[in-house]
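One structure is given below, encoded as structure tokens.
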There are 2 protein chains.
Amino acid sequence: MSLVLDQQAQDLLFRSARTANAFTDEPVTDEQVRAIYDLVKYAPTSLNMQPLRVVLVRSDQARTQLVERMADGNKGKTSTAPLTAILAADTDFHDDLHRTFPHAPGARDWFGDDAARTETARFNAALQVGYFILGVRAAGLAAGPMTGFDAEGINKDFFADGAHRVLAVVNIGKPGENAWFDRNPRLDYDEVVTTA
Amino acid sequence: MSLVLDQQAQDLLFRSARTANAFTDEPVTDEQVRAIYDLVKYAPTSLNMQPLRVVLVRSDQARTQLVERMADGNKGKTSTAPLTAILAADTDFHDDLHRTFPHAPGARDWFGDDAARTETARFNAALQVGYFILGVRAAGLAAGPMTGFDAEGINKDFFADGAHRVLAVVNIGKPGENAWFDRNPRLDYDEVVTTA
């Protein structure tokens, strides 16, 4: 065994964990989300830029608005999950770099190009989406991440500043009845990893 | 405590783990990389598309070529790390969907638009970069992920098919002397998480 991480943690985060498609009614509290964030915030991003932003969809109005923007196959589970989170990249992350990357006071100016900055924000927030999904599992909850939605519609409805880009919508809760589809095959090591 | 993940695993993956900037000479074996992959391959991607590809830079020639493409501040550590991995998105992931997402035989055809497919590949491979970094830590190793490099040059040198996009280059090994910079501040919960 080449891994140091204990077997129980391996199972919780990776091997037994599965994308959930149905949930129980048990609520997911803000305290649980805070514990998730306070864990995964330490995982790395380029220049410590931390562009991920999370909107917890708690009100009936926001829920209705969001479900409207989801692809048909995602509407049902998104309308009934105990908690749904919108995960987005803040393309204005560079305004915080003086605090998050303090030893390079000029760092903000490296991101004057809007297109390049947006791509950097999307990449680093995507890293953080990955961390967040594992953080949900670390809290003993199941995550149901989805990318089938009207992104422009969600950006418009939930981020009035025009500077955010939704990357994923994640249902969160305890898995309910028939929560799992069959696990799909993973690529073999030799299909993914090569040597130069 | 709202987390189920044990404290030791929390520390190993998130709290104590740090981006390393110097490494010992201890080699990183293919068996270790295989163990990392066999853990993180289970973490989710959209439609199970798994676009991440990893090139282990083992030969002197490849190392020299890669270092040449790195930003100046990343050249030194990349030339001396026991193992350096190039992490890229395969934009032709859709050619494998008949195996990786077998219950939707027509899934390949959903990705006819090159620009949209490339963006999907980049996002999902970025999720997997996040998983991979945590997998390196799960193996008791330190990761030094970098995004400062000439991406087009690396794509040309290492991916002759023109279908891959490098996302990150990661040094891997046991942390050496003066491996750590001071940890930079993380954003507060209330700056990142809001409620709608």
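Chain lettering (A, B, ...) mirrors the order of the structure tokens, residue numbering begins at 1 for each chain separately, and ligand numbering begins at 1 in order of display.
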
Go through region 39-130 of chain A and flag each residue having an atom no more than 12 Å from region 128-131 of chain B; for those, report the closest pair of atoms plus their distance in Å to one decimal, using only C-alpha atoms, ordered by chain and rising number, as JSON lines.
{"residue": "A:Val40", "atom": "CA", "partner": "B:Gly130", "partner_atom": "CA", "distance": 10.9}
{"residue": "A:Ala43", "atom": "CA", "partner": "B:Gly130", "partner_atom": "CA", "distance": 8.4}
{"residue": "A:Pro44", "atom": "CA", "partner": "B:Gly130", "partner_atom": "CA", "distance": 8.5}
{"residue": "A:Thr45", "atom": "CA", "partner": "B:Gly130", "partner_atom": "CA", "distance": 9.2}
{"residue": "A:Ser46", "atom": "CA", "partner": "B:Gly130", "partner_atom": "CA", "distance": 11.7}
{"residue": "A:Phe123", "atom": "CA", "partner": "B:Val129", "partner_atom": "CA", "distance": 9.8}
{"residue": "A:Asn124", "atom": "CA", "partner": "B:Gly130", "partner_atom": "CA", "distance": 9.1}
{"residue": "A:Ala125", "atom": "CA", "partner": "B:Gly130", "partner_atom": "CA", "distance": 10.0}
{"residue": "A:Ala126", "atom": "CA", "partner": "B:Gly130", "partner_atom": "CA", "distance": 8.0}
{"residue": "A:Leu127", "atom": "CA", "partner": "B:Gly130", "partner_atom": "CA", "distance": 4.7}
{"residue": "A:Gln128", "atom": "CA", "partner": "B:Gly130", "partner_atom": "CA", "distance": 7.0}
{"residue": "A:Val129", "atom": "CA", "partner": "B:Gly130", "partner_atom": "CA", "distance": 8.3}
{"residue": "A:Gly130", "atom": "CA", "partner": "B:Gly130", "partner_atom": "CA", "distance": 5.6}

Should the cut-off be 6 Å, what would the residue list for chain B against chain A look like, counting only C-alpha atoms, as JSON, numbers by chain? {"B": [2, 3, 4, 5, 14, 32, 35, 42, 43, 53, 54, 55, 56, 57, 58, 62, 100, 126, 127, 130, 138, 139, 140, 185, 192, 193, 194, 195, 196]}

Point out the residue among B:Ala142, B:Ala116, B:Glu152, B:Asn21 with the least atom-to-atom distance to Gly173 (chain B), counting only C-alpha atoms. B:Ala142

Between B:Val169, B:Phe93, B:Asp182, B:Lys174, which has the minimum distance to Val28 (chain B) (counting only C-alpha atoms)?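 Once distances to Val28 (chain B) are computed over only C-alpha atoms, the minimum belongs to B:Lys174.
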
Check the DSSP output for the backbone and give back, as a count of residues only, the residues of chain B in strand (DSSP E or B). 36

May I have the residues within 12 Å of Gly112 (chain B) as a list in words, using only C-alpha atoms and disregarding those fewer than 4 positions away in the same chain? Thr91, Asp92, Phe93, His94, Asp95, Gly106, Ala107, Arg108, Ala116, Arg117, Thr118 and Thr120 of chain B

Quick check for you: according to DSSP on this backbone, which residues of region 73-180 of chain B are classed as alpha helix (DSSP H)? Reply as a ChimeraX atom specification. /B:73-80,97-100,114-138,151-158

Resulting file, chosen residues, N, CA and C atoms, as a tab-separated table (two decimals), in the first residue's frame:
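again06.tsv was written with the following content:
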chain	number	residue	atom	x	y	z
B	73	GLY	N	10.59	31.81	-12.08
B	73	GLY	CA	10.48	31.47	-10.67
B	73	GLY	C	10.18	30.00	-10.42
B	74	ASN	N	9.78	29.28	-11.45
B	74	ASN	CA	9.45	27.86	-11.31
B	74	ASN	C	10.52	26.93	-11.88
B	75	LYS	N	11.55	27.49	-12.53
B	75	LYS	CA	12.54	26.65	-13.21
B	75	LYS	C	13.37	25.83	-12.22
B	76	GLY	N	13.85	26.49	-11.17
B	76	GLY	CA	14.76	25.82	-10.25
B	76	GLY	C	14.14	24.59	-9.61
B	77	LYS	N	12.97	24.76	-9.02
B	77	LYS	CA	12.34	23.63	-8.32
B	77	LYS	C	11.90	22.55	-9.29
B	78	THR	N	11.53	22.96	-10.51
B	78	THR	CA	11.10	21.97	-11.49
B	78	THR	C	12.29	21.16	-12.01
B	79	SER	N	13.47	21.73	-11.97
B	79	SER	CA	14.64	20.98	-12.46
B	79	SER	C	15.18	20.03	-11.41
B	80	THR	N	14.78	20.19	-10.13
B	80	THR	CA	15.36	19.35	-9.08
B	80	THR	C	14.34	18.46	-8.37
B	97	LEU	N	-16.51	8.26	-24.42
B	97	LEU	CA	-17.77	8.28	-23.66
B	97	LEU	C	-18.58	6.99	-23.85
B	98	HIS	N	-18.42	6.31	-24.98
B	98	HIS	CA	-19.18	5.06	-25.16
B	98	HIS	C	-18.76	4.02	-24.12
B	99	ARG	N	-17.53	4.16	-23.60
B	99	ARG	CA	-17.08	3.24	-22.54
B	99	ARG	C	-17.30	3.84	-21.15
B	100	THR	N	-17.10	5.15	-21.02
B	100	THR	CA	-17.13	5.75	-19.69
B	100	THR	C	-18.54	6.16	-19.26
B	114	ASP	N	-16.49	22.42	-30.95
B	114	ASP	CA	-15.11	22.35	-30.43
B	114	ASP	C	-14.88	23.26	-29.24
B	115	ALA	N	-15.37	24.49	-29.32
B	115	ALA	CA	-15.10	25.46	-28.24
B	115	ALA	C	-15.79	25.02	-26.95
B	116	ALA	N	-17.05	24.59	-27.06
B	116	ALA	CA	-17.76	24.14	-25.85
B	116	ALA	C	-17.12	22.88	-25.28
B	117	ARG	N	-16.69	21.98	-26.18
B	117	ARG	CA	-16.07	20.73	-25.70
B	117	ARG	C	-14.75	21.03	-24.99
B	118	THR	N	-13.98	21.96	-25.54
B	118	THR	CA	-12.71	22.32	-24.90
B	118	THR	C	-12.95	22.91	-23.52
B	119	GLU	N	-13.97	23.77	-23.39
B	119	GLU	CA	-14.26	24.37	-22.09
B	119	GLU	C	-14.70	23.30	-21.09
B	120	THR	N	-15.52	22.37	-21.54
B	120	THR	CA	-15.96	21.27	-20.67
B	120	THR	C	-14.78	20.41	-20.24
B	121	ALA	N	-13.88	20.13	-21.19
B	121	ALA	CA	-12.69	19.34	-20.86
B	121	ALA	C	-11.83	20.06	-19.84
B	122	ARG	N	-11.64	21.35	-20.04
B	122	ARG	CA	-10.81	22.12	-19.11
B	122	ARG	C	-11.42	22.15	-17.71
B	123	PHE	N	-12.73	22.38	-17.63
B	123	PHE	CA	-13.37	22.44	-16.31
B	123	PHE	C	-13.25	21.11	-15.59
B	124	ASN	N	-13.60	20.04	-16.27
B	124	ASN	CA	-13.60	18.74	-15.59
B	124	ASN	C	-12.19	18.24	-15.28
B	125	ALA	N	-11.24	18.52	-16.17
B	125	ALA	CA	-9.86	18.16	-15.86
B	125	ALA	C	-9.34	18.99	-14.69
B	126	ALA	N	-9.81	20.24	-14.56
B	126	ALA	CA	-9.41	21.07	-13.42
B	126	ALA	C	-9.92	20.48	-12.11
B	127	LEU	N	-11.17	20.00	-12.11
B	127	LEU	CA	-11.66	19.28	-10.93
B	127	LEU	C	-10.67	18.16	-10.58
B	128	GLN	N	-10.27	17.42	-11.62
B	128	GLN	CA	-9.39	16.27	-11.39
B	128	GLN	C	-7.98	16.69	-10.97
B	129	VAL	N	-7.54	17.87	-11.39
B	129	VAL	CA	-6.26	18.40	-10.88
B	129	VAL	C	-6.37	18.60	-9.37
B	130	GLY	N	-7.50	19.15	-8.93
B	130	GLY	CA	-7.73	19.31	-7.49
B	130	GLY	C	-7.69	17.97	-6.77
B	131	TYR	N	-8.40	16.98	-7.32
B	131	TYR	CA	-8.39	15.65	-6.71
B	131	TYR	C	-6.96	15.09	-6.67
B	132	PHE	N	-6.22	15.29	-7.77
B	132	PHE	CA	-4.87	14.72	-7.88
B	132	PHE	C	-3.95	15.32	-6.81
B	133	ILE	N	-4.02	16.63	-6.62
B	133	ILE	CA	-3.19	17.29	-5.61
B	133	ILE	C	-3.45	16.67	-4.23
B	134	LEU	N	-4.74	16.47	-3.92
B	134	LEU	CA	-5.06	15.85	-2.63
B	134	LEU	C	-4.61	14.39	-2.60
B	135	GLY	N	-4.65	13.72	-3.74
B	135	GLY	CA	-4.16	12.34	-3.82
B	135	GLY	C	-2.67	12.23	-3.55
B	136	VAL	N	-1.90	13.20	-4.05
B	136	VAL	CA	-0.46	13.24	-3.76
B	136	VAL	C	-0.25	13.32	-2.25
B	137	ARG	N	-1.03	14.16	-1.61
B	137	ARG	CA	-0.93	14.29	-0.15
B	137	ARG	C	-1.38	13.01	0.56
B	138	ALA	N	-2.37	12.34	-0.01
B	138	ALA	CA	-2.85	11.08	0.58
B	138	ALA	C	-1.75	10.02	0.55
B	151	ALA	N	2.09	27.76	-21.80
B	151	ALA	CA	1.17	26.65	-22.03
B	151	ALA	C	1.23	26.16	-23.49
B	152	GLU	N	1.26	27.08	-24.42
B	152	GLU	CA	1.30	26.65	-25.82
B	152	GLU	C	2.56	25.86	-26.13
B	153	GLY	N	3.66	26.29	-25.52
B	153	GLY	CA	4.91	25.56	-25.73
B	153	GLY	C	4.84	24.15	-25.17
B	154	ILE	N	4.30	24.00	-23.98
B	154	ILE	CA	4.17	22.66	-23.39
B	154	ILE	C	3.22	21.80	-24.22
B	155	ASN	N	2.11	22.39	-24.65
B	155	ASN	CA	1.18	21.62	-25.49
B	155	ASN	C	1.89	21.10	-26.74
B	156	LYS	N	2.72	21.94	-27.34
B	156	LYS	CA	3.41	21.56	-28.56
B	156	LYS	C	4.48	20.49	-28.28
B	157	ASP	N	5.22	20.68	-27.19
B	157	ASP	CA	6.33	19.77	-26.91
B	157	ASP	C	5.85	18.39	-26.45
B	158	PHE	N	4.76	18.36	-25.71
B	158	PHE	CA	4.39	17.11	-25.03
B	158	PHE	C	3.13	16.45	-25.57
